[in-house]
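S.K.: Supplied structure: data28.csv, CSV, C-alpha atoms.
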chain,number,residue,atom,x,y,z
A,294,MET,CA,15.9,13.5,10.0
A,295,PRO,CA,14.7,13.8,13.7
A,296,THR,CA,14.4,10.7,15.8
A,297,VAL,CA,12.5,9.7,18.9
A,298,GLN,CA,14.0,7.8,21.9
A,299,ALA,CA,12.2,4.5,22.3
A,300,SER,CA,12.3,2.0,25.2
A,301,VAL,CA,10.5,-1.2,26.1
A,302,VAL,CA,10.4,-1.9,29.8
A,303,THR,CA,9.0,-4.9,31.7
A,304,PRO,CA,8.9,-5.7,35.4
A,305,ASP,CA,12.1,-7.7,34.7
A,306,GLY,CA,14.0,-4.8,33.2
A,307,THR,CA,14.7,-3.0,29.9
A,308,VAL,CA,14.2,-5.1,26.8
A,309,TYR,CA,15.0,-2.4,24.2
A,310,GLU,CA,16.4,1.1,24.1
A,311,GLY,CA,17.4,3.3,21.2
A,312,ASP,CA,16.8,6.2,18.9
A,313,VAL,CA,14.4,5.4,16.0
A,314,ASP,CA,12.6,7.1,13.2
A,315,MET,CA,9.3,5.5,13.9
A,316,VAL,CA,7.6,3.2,16.5
A,317,VAL,CA,4.6,1.1,15.5
A,318,VAL,CA,2.5,-0.6,18.2
A,319,ARG,CA,-0.8,-2.5,18.4
A,320,THR,CA,-3.1,-0.8,20.9
A,321,VAL,CA,-6.6,-2.1,21.9
A,322,GLU,CA,-8.0,0.4,19.4
A,323,GLY,CA,-5.8,-0.6,16.5
A,324,GLU,CA,-2.3,-0.1,15.1
A,325,LEU,CA,-0.5,3.2,16.0
A,326,GLY,CA,2.5,4.7,14.2
A,327,ILE,CA,4.5,7.2,16.2
A,328,LEU,CA,6.9,9.7,14.7
A,329,PRO,CA,9.1,12.3,16.4
A,330,ASN,CA,7.1,15.2,17.9
A,331,HIS,CA,4.0,13.1,18.2
A,332,ILE,CA,1.2,14.6,20.4
A,333,PRO,CA,1.5,13.2,24.0
A,334,LEU,CA,-0.8,10.2,24.8
A,335,VAL,CA,-1.1,7.1,26.8
A,336,SER,CA,-2.8,4.0,25.4
A,337,PRO,CA,-3.3,0.4,26.5
A,338,LEU,CA,-1.5,-2.2,24.4
A,339,ALA,CA,-2.9,-5.4,22.9
A,340,ILE,CA,-0.8,-8.5,22.4
A,341,GLY,CA,1.2,-7.8,19.3
A,342,ILE,CA,4.5,-6.8,17.8
A,343,ALA,CA,6.2,-3.5,18.5
A,344,ARG,CA,8.3,-2.4,15.5
A,345,MET,CA,11.2,0.0,15.9
A,346,LYS,CA,12.1,1.5,12.5
A,347,LYS,CA,15.5,3.1,11.9
A,348,GLY,CA,16.3,3.8,8.3
A,349,SER,CA,15.8,0.7,6.3
A,350,SER,CA,16.1,-1.6,9.3
A,351,GLU,CA,13.4,-2.7,11.7
A,352,ASP,CA,13.6,-4.3,15.2
A,353,ARG,CA,10.6,-6.5,16.1
A,354,ILE,CA,9.7,-7.1,19.7
A,355,ALA,CA,6.9,-9.4,21.1
A,356,VAL,CA,4.8,-7.4,23.5
A,357,SER,CA,2.1,-9.0,25.8
A,358,GLY,CA,-0.1,-6.2,27.0
A,359,GLY,CA,0.8,-3.1,29.0
A,360,PHE,CA,0.7,0.6,28.0
A,361,VAL,CA,2.5,2.9,25.6
A,362,GLU,CA,3.4,6.4,26.8
A,363,VAL,CA,4.1,8.9,24.0
A,364,ARG,CA,5.9,12.3,24.5
A,365,PRO,CA,7.2,14.4,21.6
A,366,ASP,CA,10.8,13.2,22.1
A,367,LYS,CA,10.2,9.8,23.8
A,368,VAL,CA,8.1,6.6,23.4
A,369,THR,CA,8.0,4.3,26.4
A,370,ILE,CA,6.4,0.9,26.2
A,371,LEU,CA,5.5,-0.5,29.7
A,372,ALA,CA,4.8,-4.1,28.9
A,373,GLU,CA,3.6,-7.0,31.1
A,374,ALA,CA,6.0,-9.2,29.1
A,375,SER,CA,8.3,-8.6,26.1
A,376,GLU,CA,10.9,-10.5,24.2
A,377,ARG,CA,13.3,-9.9,21.3
A,378,PRO,CA,13.4,-12.6,18.6
A,379,SER,CA,16.8,-13.9,19.9
A,380,ASP,CA,15.3,-14.4,23.4
A,381,ILE,CA,12.3,-16.5,22.3
A,382,ASP,CA,12.5,-20.2,22.9
A,383,VAL,CA,10.7,-21.4,19.7
A,384,ASP,CA,10.2,-25.0,21.0
A,385,ARG,CA,8.6,-23.7,24.2
A,386,ALA,CA,6.4,-21.2,22.3
A,387,GLN,CA,5.3,-24.0,20.0
A,388,GLN,CA,4.4,-26.2,22.9
A,389,ALA,CA,2.5,-23.3,24.6
A,390,LYS,CA,0.6,-22.8,21.3
A,391,GLU,CA,-0.4,-26.5,21.1
A,392,ARG,CA,-1.5,-26.6,24.8
A,393,ALA,CA,-3.6,-23.5,24.3
A,394,GLU,CA,-5.2,-24.8,21.1
A,395,LYS,CA,-6.2,-28.0,23.0
A,396,ARG,CA,-7.7,-25.9,25.8
A,397,VAL,CA,-9.6,-23.7,23.4
A,398,ASN,CA,-10.9,-26.6,21.5
A,399,ALA,CA,-11.9,-28.5,24.7
A,400,GLY,CA,-14.0,-25.5,25.8
A,401,SER,CA,-15.2,-24.8,29.3
A,402,GLN,CA,-18.5,-24.4,31.2
A,403,ASP,CA,-17.5,-21.3,33.1
A,404,GLY,CA,-15.9,-19.5,30.1
A,405,ILE,CA,-13.1,-18.1,32.2
A,406,ASN,CA,-10.6,-20.9,31.3
A,407,THR,CA,-11.5,-20.5,27.6
A,408,VAL,CA,-10.7,-16.7,27.7
A,409,ARG,CA,-7.4,-17.5,29.4
A,410,ALA,CA,-6.6,-20.2,26.9
A,411,LYS,CA,-7.4,-17.8,24.0
A,412,ALA,CA,-5.1,-15.2,25.5
A,413,ALA,CA,-2.3,-17.8,25.9
A,414,LEU,CA,-2.8,-18.9,22.3
A,415,GLU,CA,-2.6,-15.3,21.1
A,416,ARG,CA,0.6,-14.7,23.1
A,417,ALA,CA,2.2,-18.0,21.8
A,418,ILE,CA,1.3,-17.1,18.2
A,419,ASN,CA,2.7,-13.6,18.6
A,420,ARG,CA,6.0,-15.0,20.0
A,421,LEU,CA,6.3,-17.4,17.1
A,422,LYS,CA,5.7,-14.5,14.6
A,423,VAL,CA,8.4,-12.4,16.1
A,424,ALA,CA,10.8,-15.4,16.1
A,425,GLY,CA,10.1,-15.8,12.4
A,426,LYS,CA,8.5,-19.3,12.7
Any chance you could give the structure as structure tokens?

M.R.:
Amino acid sequence: MPTVQASVVTPDGTVYEGDVDMVVVRTVEGELGILPNHIPLVSPLAIGIARMKKGSSEDRIAVSGGFVEVRPDKVTILAEASERPSDIDVDRAQQAKERAEKRVNAGSQDGINTVRAKAALERAINRLKVAGK
């Protein structure tokens, strides 16, 4: 069965690299499954989980925004931030979630802080999902 080379790259370096059967990412338009020989495209990513499927195994990676670039033989995720489950500090992510929930519940007159708090909450929840908590 053909595979596609997948990589997840952040400003801090490469988080994941390997040959996989399928890549699944969450774009701003919805979930996208990418198989080998997929048509080339570039799409903005939403906060979500990138899933790298190889046989019966699946690697899950927390992705916080960025872009996915698809070529027939390669998928590159250029993420603002990304973490593997083993790299996630669960206590820190839980604390970030609680802080963000307080900020969202407190509300704001200008709306900007509320939007930022909702994004922080979404990132924290995503990290906890990937960590399996």

S.K.: Wanna dump the segment 332-352 of chain A-segment 370-379 of chain A contacts at 9 Å for me, each residue with its shortest atom pair and the distance in Å to one decimal, counting all atoms listed in the file, ordered by chain and number, as CSV?

M.R.:
residue,atom,partner,partner_atom,distance
A:Leu338,CA,A:Ala372,CA,8.0
A:Ala343,CA,A:Ile370,CA,8.9
A:Asp352,CA,A:Arg377,CA,8.3

S.K.: I'd like the neighbourhood of Ile354 of chain A as JSON, numbers by chain, where a residue qualifies if any of its atoms comes within 10 Å (using all atoms listed in the file), though same-chain residues fewer than 4 positions away should be ignored.

M.R.: {"A": [301, 308, 309, 318, 341, 342, 343, 344, 345, 375, 376, 377, 378, 379, 380, 419, 420, 422, 423, 424]}

S.K.: Which one of A:Arg353, A:Lys395, A:Arg416, A:His331 sits closest to Val297 of chain A if you count all atoms listed in the file?

M.R.: A:His331

S.K.: Given the choices A:Gln298, A:Ser350, A:Thr307, A:Asn406, which gets closest to Glu362 of chain A if the distance is worked out from all atoms listed in the file?

M.R.: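 With all atoms listed in the file as the atom set, the closest residue is A:Gln298.
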
S.K.: How far is it from atom CA of Val321 of chain A to atom CA of Ala339 of chain A, in Å with one decimal?

M.R.: 5.1 Å

S.K.: Quick check, in Å to one decimal: how far apart do atom CA of Val316 of chain A and atom CA of Leu328 of chain A lie?

M.R.: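 So the answer is 6.8 Å.
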
S.K.: Which is closest to Ala417 of chain A among A:Val397, A:Val313, A:Ala389, A:Leu334, if we use only C-alpha atoms?

M.R.: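 Result for the nearest residue to Ala417 of chain A: A:Ala389.
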
S.K.: Quick one: residues within 9 Å of Asn330 of chain A, only C-alpha atoms counted, chain neighbours fewer than 4 positions away excluded, as JSON, numbers by chain?

M.R.: {"A": [295, 296, 297, 364, 365, 366, 367]}

S.K.: Would you compute the distance between atom CA of Gly400 of chain A and atom CA of Val356 of chain A? Give it in Å to one decimal.

M.R.: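 That distance, rounded to one decimal, is 26.2 Å.
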
S.K.: For a quick check of understanding, using all atoms listed in the file, which of A:Glu391, A:Arg385, A:Val302, A:Val363 has the smallest distance to Ile332 of chain A?

M.R.: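 Counting all atoms listed in the file, the residue closest to Ile332 of chain A is A:Val363.
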
S.K.: Looking at A:Ala413, A:Val368, A:Pro337, A:Gly311, which one is nearest to Ala386 of chain A, with distances taken over all atoms listed in the file?

M.R.: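 Of the candidates, the smallest distance to Ala386 of chain A is held by A:Ala413.
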
S.K.: Of the candidates A:Ala412, A:Ala299, A:Leu421, A:Met315, which shows the shortest atom-to-atom distance to Ser357 of chain A, using only C-alpha atoms?

M.R.: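 With only C-alpha atoms as the atom set, the closest residue is A:Ala412.
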